[in-house]
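Student: Submitted below is the structure of interest, expressed as structure tokens.
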Amino acid sequence: MRIHVFLVLLIAISQPVSAKLYKWVDEDGNVQYSDKLPPAAVKKPHENLNSRGLVINKTGRAKTPEEIAEEERVRKLREETQRQIDEQKARDRVLLNTYRSEDDIILARDGKLATIDSQIRITYTNITCLKERLSNYKRKAANLERKGRKIPKQMQTGIDNTRQEINDSYESILRQEKDKNTIRNKYASDLQRFRKLSKLKAATRAEMQAEKEQKKDDAIVKTVIRCKDKAHCDQLWTRAKAYAKKYATTRVYVDSDTIFITQPPKTNEDLSITASRLRPQKDQQEIIFLDIQCKKELATDTWCKRPEAIKIREGFRSSVLGKK
């Protein structure tokens, strides 16, 4: 030990003040000192000494590629965590600056839902008009066939286009119902966060009413059945039309590969049923949708609230899918 210290002092004294002195352990386990660090020792632990032989800096061994990769992973994870924290703080500031109370959030949500409900009512009104147009086409076509005359190409095109418009309208309604659910989830999250930030808790009467409305909308969406593939859809479509025929009280006037319609309701007891085979998006499998209409009690009614109609809706999926 004394020899090592003597050598360090001797080397230090013989070096200029600005020169560096290194200490490291070689491959044989021997402590080495020098003013130059050999390449073999660069990646190994070593120390810098001052002119008095005191350690002024320590350098650990070089990190392995795996250790470097792990450090990078941890660094990115920390950055992502911090980014999420910063974004949440920004959203919280916007939330508290936008709304004064939880009722403000509920009113904003209800305003957006009301806008979509208005669009859905318009779409249902349009469907009613389209069905009447289709009924007129079918009546004229039937008269021509009874007289032994061929249906004009223009009339057949009108029939085909009207059927497609009806299906397109139902697709629009389903998309809008999905949008309503997205809005509810978004504002439910905002409301929960607002309460946490403001330390509020009680649910309002308006929120409870919105939950009741959602149950009604869920009942509509529950008449949607998603097909696994074309063969599966062909099978379900046959069952869906049989189900519609069984419960409709008005006679059938459209029965095609993509849509089944019975005559619009004329009396308070009538139930008109439409089954549609839809493909909302090209890259998705087809869906089958059931709609039940009865004579409106109010101009704003969009769905039939009669107990028998609700029962038909509730039994649709289990009957078509073959489940008890």
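Each chain of the structure tokens is named A, B, ... in the order shown, its residues numbered from 1; ligands are numbered from 1 in display order.
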Would you kindly return, as a JSON list (two decimals) with N, CA and C atoms, in the first residue's frame, each protein, DNA or RNA residue with an atom no farther than 12 Å from any atom of Gln281 of chain A, considering only C-alpha atoms and excluding same-chain residues fewer than 2 positions away?

Tutor:
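Written file, result33.json:
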[["chain", "number", "residue", "atom", "x", "y", "z"],
["A", 168, "ASP", "N", -80.44, 3.52, -45.93],
["A", 168, "ASP", "CA", -79.47, 4.56, -45.58],
["A", 168, "ASP", "C", -79.95, 5.38, -44.38],
["A", 171, "GLU", "N", -79.39, 3.40, -41.25],
["A", 171, "GLU", "CA", -77.97, 3.45, -40.91],
["A", 171, "GLU", "C", -77.63, 4.76, -40.22],
["A", 172, "SER", "N", -78.21, 5.85, -40.72],
["A", 172, "SER", "CA", -77.98, 7.17, -40.13],
["A", 172, "SER", "C", -78.48, 7.21, -38.69],
["A", 174, "LEU", "N", -78.79, 4.71, -36.59],
["A", 174, "LEU", "CA", -77.91, 3.90, -35.73],
["A", 174, "LEU", "C", -76.61, 4.65, -35.44],
["A", 175, "ARG", "N", -76.07, 5.35, -36.43],
["A", 175, "ARG", "CA", -74.86, 6.15, -36.18],
["A", 175, "ARG", "C", -75.14, 7.25, -35.18],
["A", 278, "LEU", "N", -78.11, -4.19, -43.14],
["A", 278, "LEU", "CA", -77.29, -2.99, -43.38],
["A", 278, "LEU", "C", -75.81, -3.30, -43.27],
["A", 279, "ARG", "N", -75.02, -2.43, -43.88],
["A", 279, "ARG", "CA", -73.57, -2.48, -43.71],
["A", 279, "ARG", "C", -73.12, -1.03, -43.49],
["A", 283, "ASP", "N", -65.82, -1.84, -44.35],
["A", 283, "ASP", "CA", -64.85, -2.81, -43.81],
["A", 283, "ASP", "C", -65.41, -3.61, -42.64],
["A", 284, "GLN", "N", -66.72, -3.50, -42.38],
["A", 284, "GLN", "CA", -67.33, -4.23, -41.27],
["A", 284, "GLN", "C", -68.36, -5.23, -41.79],
["A", 285, "GLN", "N", -68.67, -6.22, -40.95],
["A", 285, "GLN", "CA", -69.69, -7.19, -41.30],
["A", 285, "GLN", "C", -71.07, -6.53, -41.29],
["A", 286, "GLU", "N", -72.02, -7.17, -41.96],
["A", 286, "GLU", "CA", -73.38, -6.64, -42.02],
["A", 286, "GLU", "C", -74.06, -6.72, -40.64],
["A", 287, "ILE", "N", -75.10, -5.91, -40.50],
["A", 287, "ILE", "CA", -75.93, -5.97, -39.30],
["A", 287, "ILE", "C", -77.39, -6.09, -39.73]]

Student: Step one, run DSSP on the backbone; step two, keep only residues of segment 16-125 of chain A assigned to strand (DSSP E or B); then write them as an mmCIF file with C-alpha atoms, in the first residue's frame.

Tutor:
data_model
loop_
_atom_site.group_PDB
_atom_site.id
_atom_site.type_symbol
_atom_site.label_atom_id
_atom_site.label_comp_id
_atom_site.auth_asym_id
_atom_site.auth_seq_id
_atom_site.Cartn_x
_atom_site.Cartn_y
_atom_site.Cartn_z
ATOM 1 C CA LEU A 21 -3.656 10.951 -13.633
ATOM 2 C CA TYR A 22 -5.718 7.791 -13.918
ATOM 3 C CA LYS A 23 -6.143 4.817 -11.638
ATOM 4 C CA TRP A 24 -7.668 1.519 -12.729
ATOM 5 C CA VAL A 25 -7.513 -2.238 -12.174
ATOM 6 C CA VAL A 31 -4.034 -1.509 -9.597
ATOM 7 C CA GLN A 32 -2.454 0.649 -12.297
ATOM 8 C CA TYR A 33 -1.639 4.376 -12.461
ATOM 9 C CA SER A 34 -0.807 6.426 -15.520
ATOM 10 C CA HIS A 46 -11.478 4.080 -13.415
ATOM 11 C CA GLU A 47 -10.692 7.184 -11.383
ATOM 12 C CA ASN A 48 -9.143 10.582 -11.999
ATOM 13 C CA LEU A 49 -6.634 11.716 -9.380
ATOM 14 C CA VAL A 55 -9.855 11.062 -6.327
ATOM 15 C CA ILE A 56 -11.568 13.921 -8.151
ATOM 16 C CA ASN A 57 -13.800 11.892 -10.466
ATOM 17 C CA LYS A 58 -15.023 8.298 -10.842
ATOM 18 C CA THR A 59 -16.107 6.684 -14.078
#

Student: Do you have the atom CA of Arg277 of chain A-atom CA of Cys304 of chain A distance handy?

Tutor: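 Computed distance, atom CA of Arg277 of chain A to atom CA of Cys304 of chain A, equals 20.8 Å.
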
Student: Between A:Ser101, A:Asn181, A:Gln156, A:Thr115, which has the minimum distance to Arg193 of chain A (counting only C-alpha atoms)?

Tutor: A:Ser101

Student: What is the distance between atom CA of Glu165 of chain A and atom CA of Glu314 of chain A, in Å to one decimal?

Tutor: 26.5 Å

Student: Which polymer residues have any atom within 7 Å of an atom of Thr274 of chain A, counting only C-alpha atoms, with same-chain residues fewer than 5 positions away left out, as a PyMOL selection string?

Tutor: chain A and resi 260-262+290-292

Student: Give me the residues within 12 Å of Arg226 of chain A as a ChimeraX atom specification, counting only C-alpha atoms and dropping any in the same chain fewer than 3 places off.

Tutor: /A:221-223,229-230,232-234,236-237,276-280,284-289,317,320-321

Student: Could you check the closest approach to Phe194 of chain A for each of A:Thr81, A:Arg100, A:Ser169, A:Asp35 and tell me which residue wins, using only C-alpha atoms?

Tutor: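 Closest to Phe194 of chain A of all the choices is A:Arg100.
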
Student: From a backbone DSSP assignment, name each residue in segment 38-148 of chain A labelled helix (DSSP H, G or I), as JSON, numbers by chain.

Tutor: {"A": [39, 40, 41, 42, 65, 66, 67, 68, 69, 70, 71, 72, 73, 74, 75, 76, 77, 78, 79, 80, 81, 82, 83, 84, 85, 86, 87, 88, 89, 90, 91, 92, 93, 94, 95, 96, 97, 98, 102, 103, 104, 105, 106, 107, 108, 109, 110, 111, 112, 113, 114, 115, 116, 117, 118, 119, 120, 121, 122, 123, 124, 125, 126, 127, 128, 129, 130, 131, 132, 133, 134, 135, 136, 137, 138, 139, 140, 141, 142, 143, 144, 145, 146]}

Student: To one decimal place, how far is atom CA of Asn126 of chain A from atom CA of Arg251 of chain A in Å?

Tutor: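 Spanning atom CA of Asn126 of chain A to atom CA of Arg251 of chain A is a straight-line distance of 21.0 Å.
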
Student: Tell me, as a VMD selection string, which residues lie within 12 Å of Gln119 of chain A, counting only C-alpha atoms; anything in the same chain fewer than 3 positions away does not count.

Tutor: chain A and resid 112 to 116 122 to 126 169 172 to 177 179 to 180 300 302

Student: Nearest to Thr258 of chain A among A:Gln164, A:Ser272, A:Asn185, A:Gln192, with distances taken over only C-alpha atoms: which residue is it?

Tutor: A:Gln164
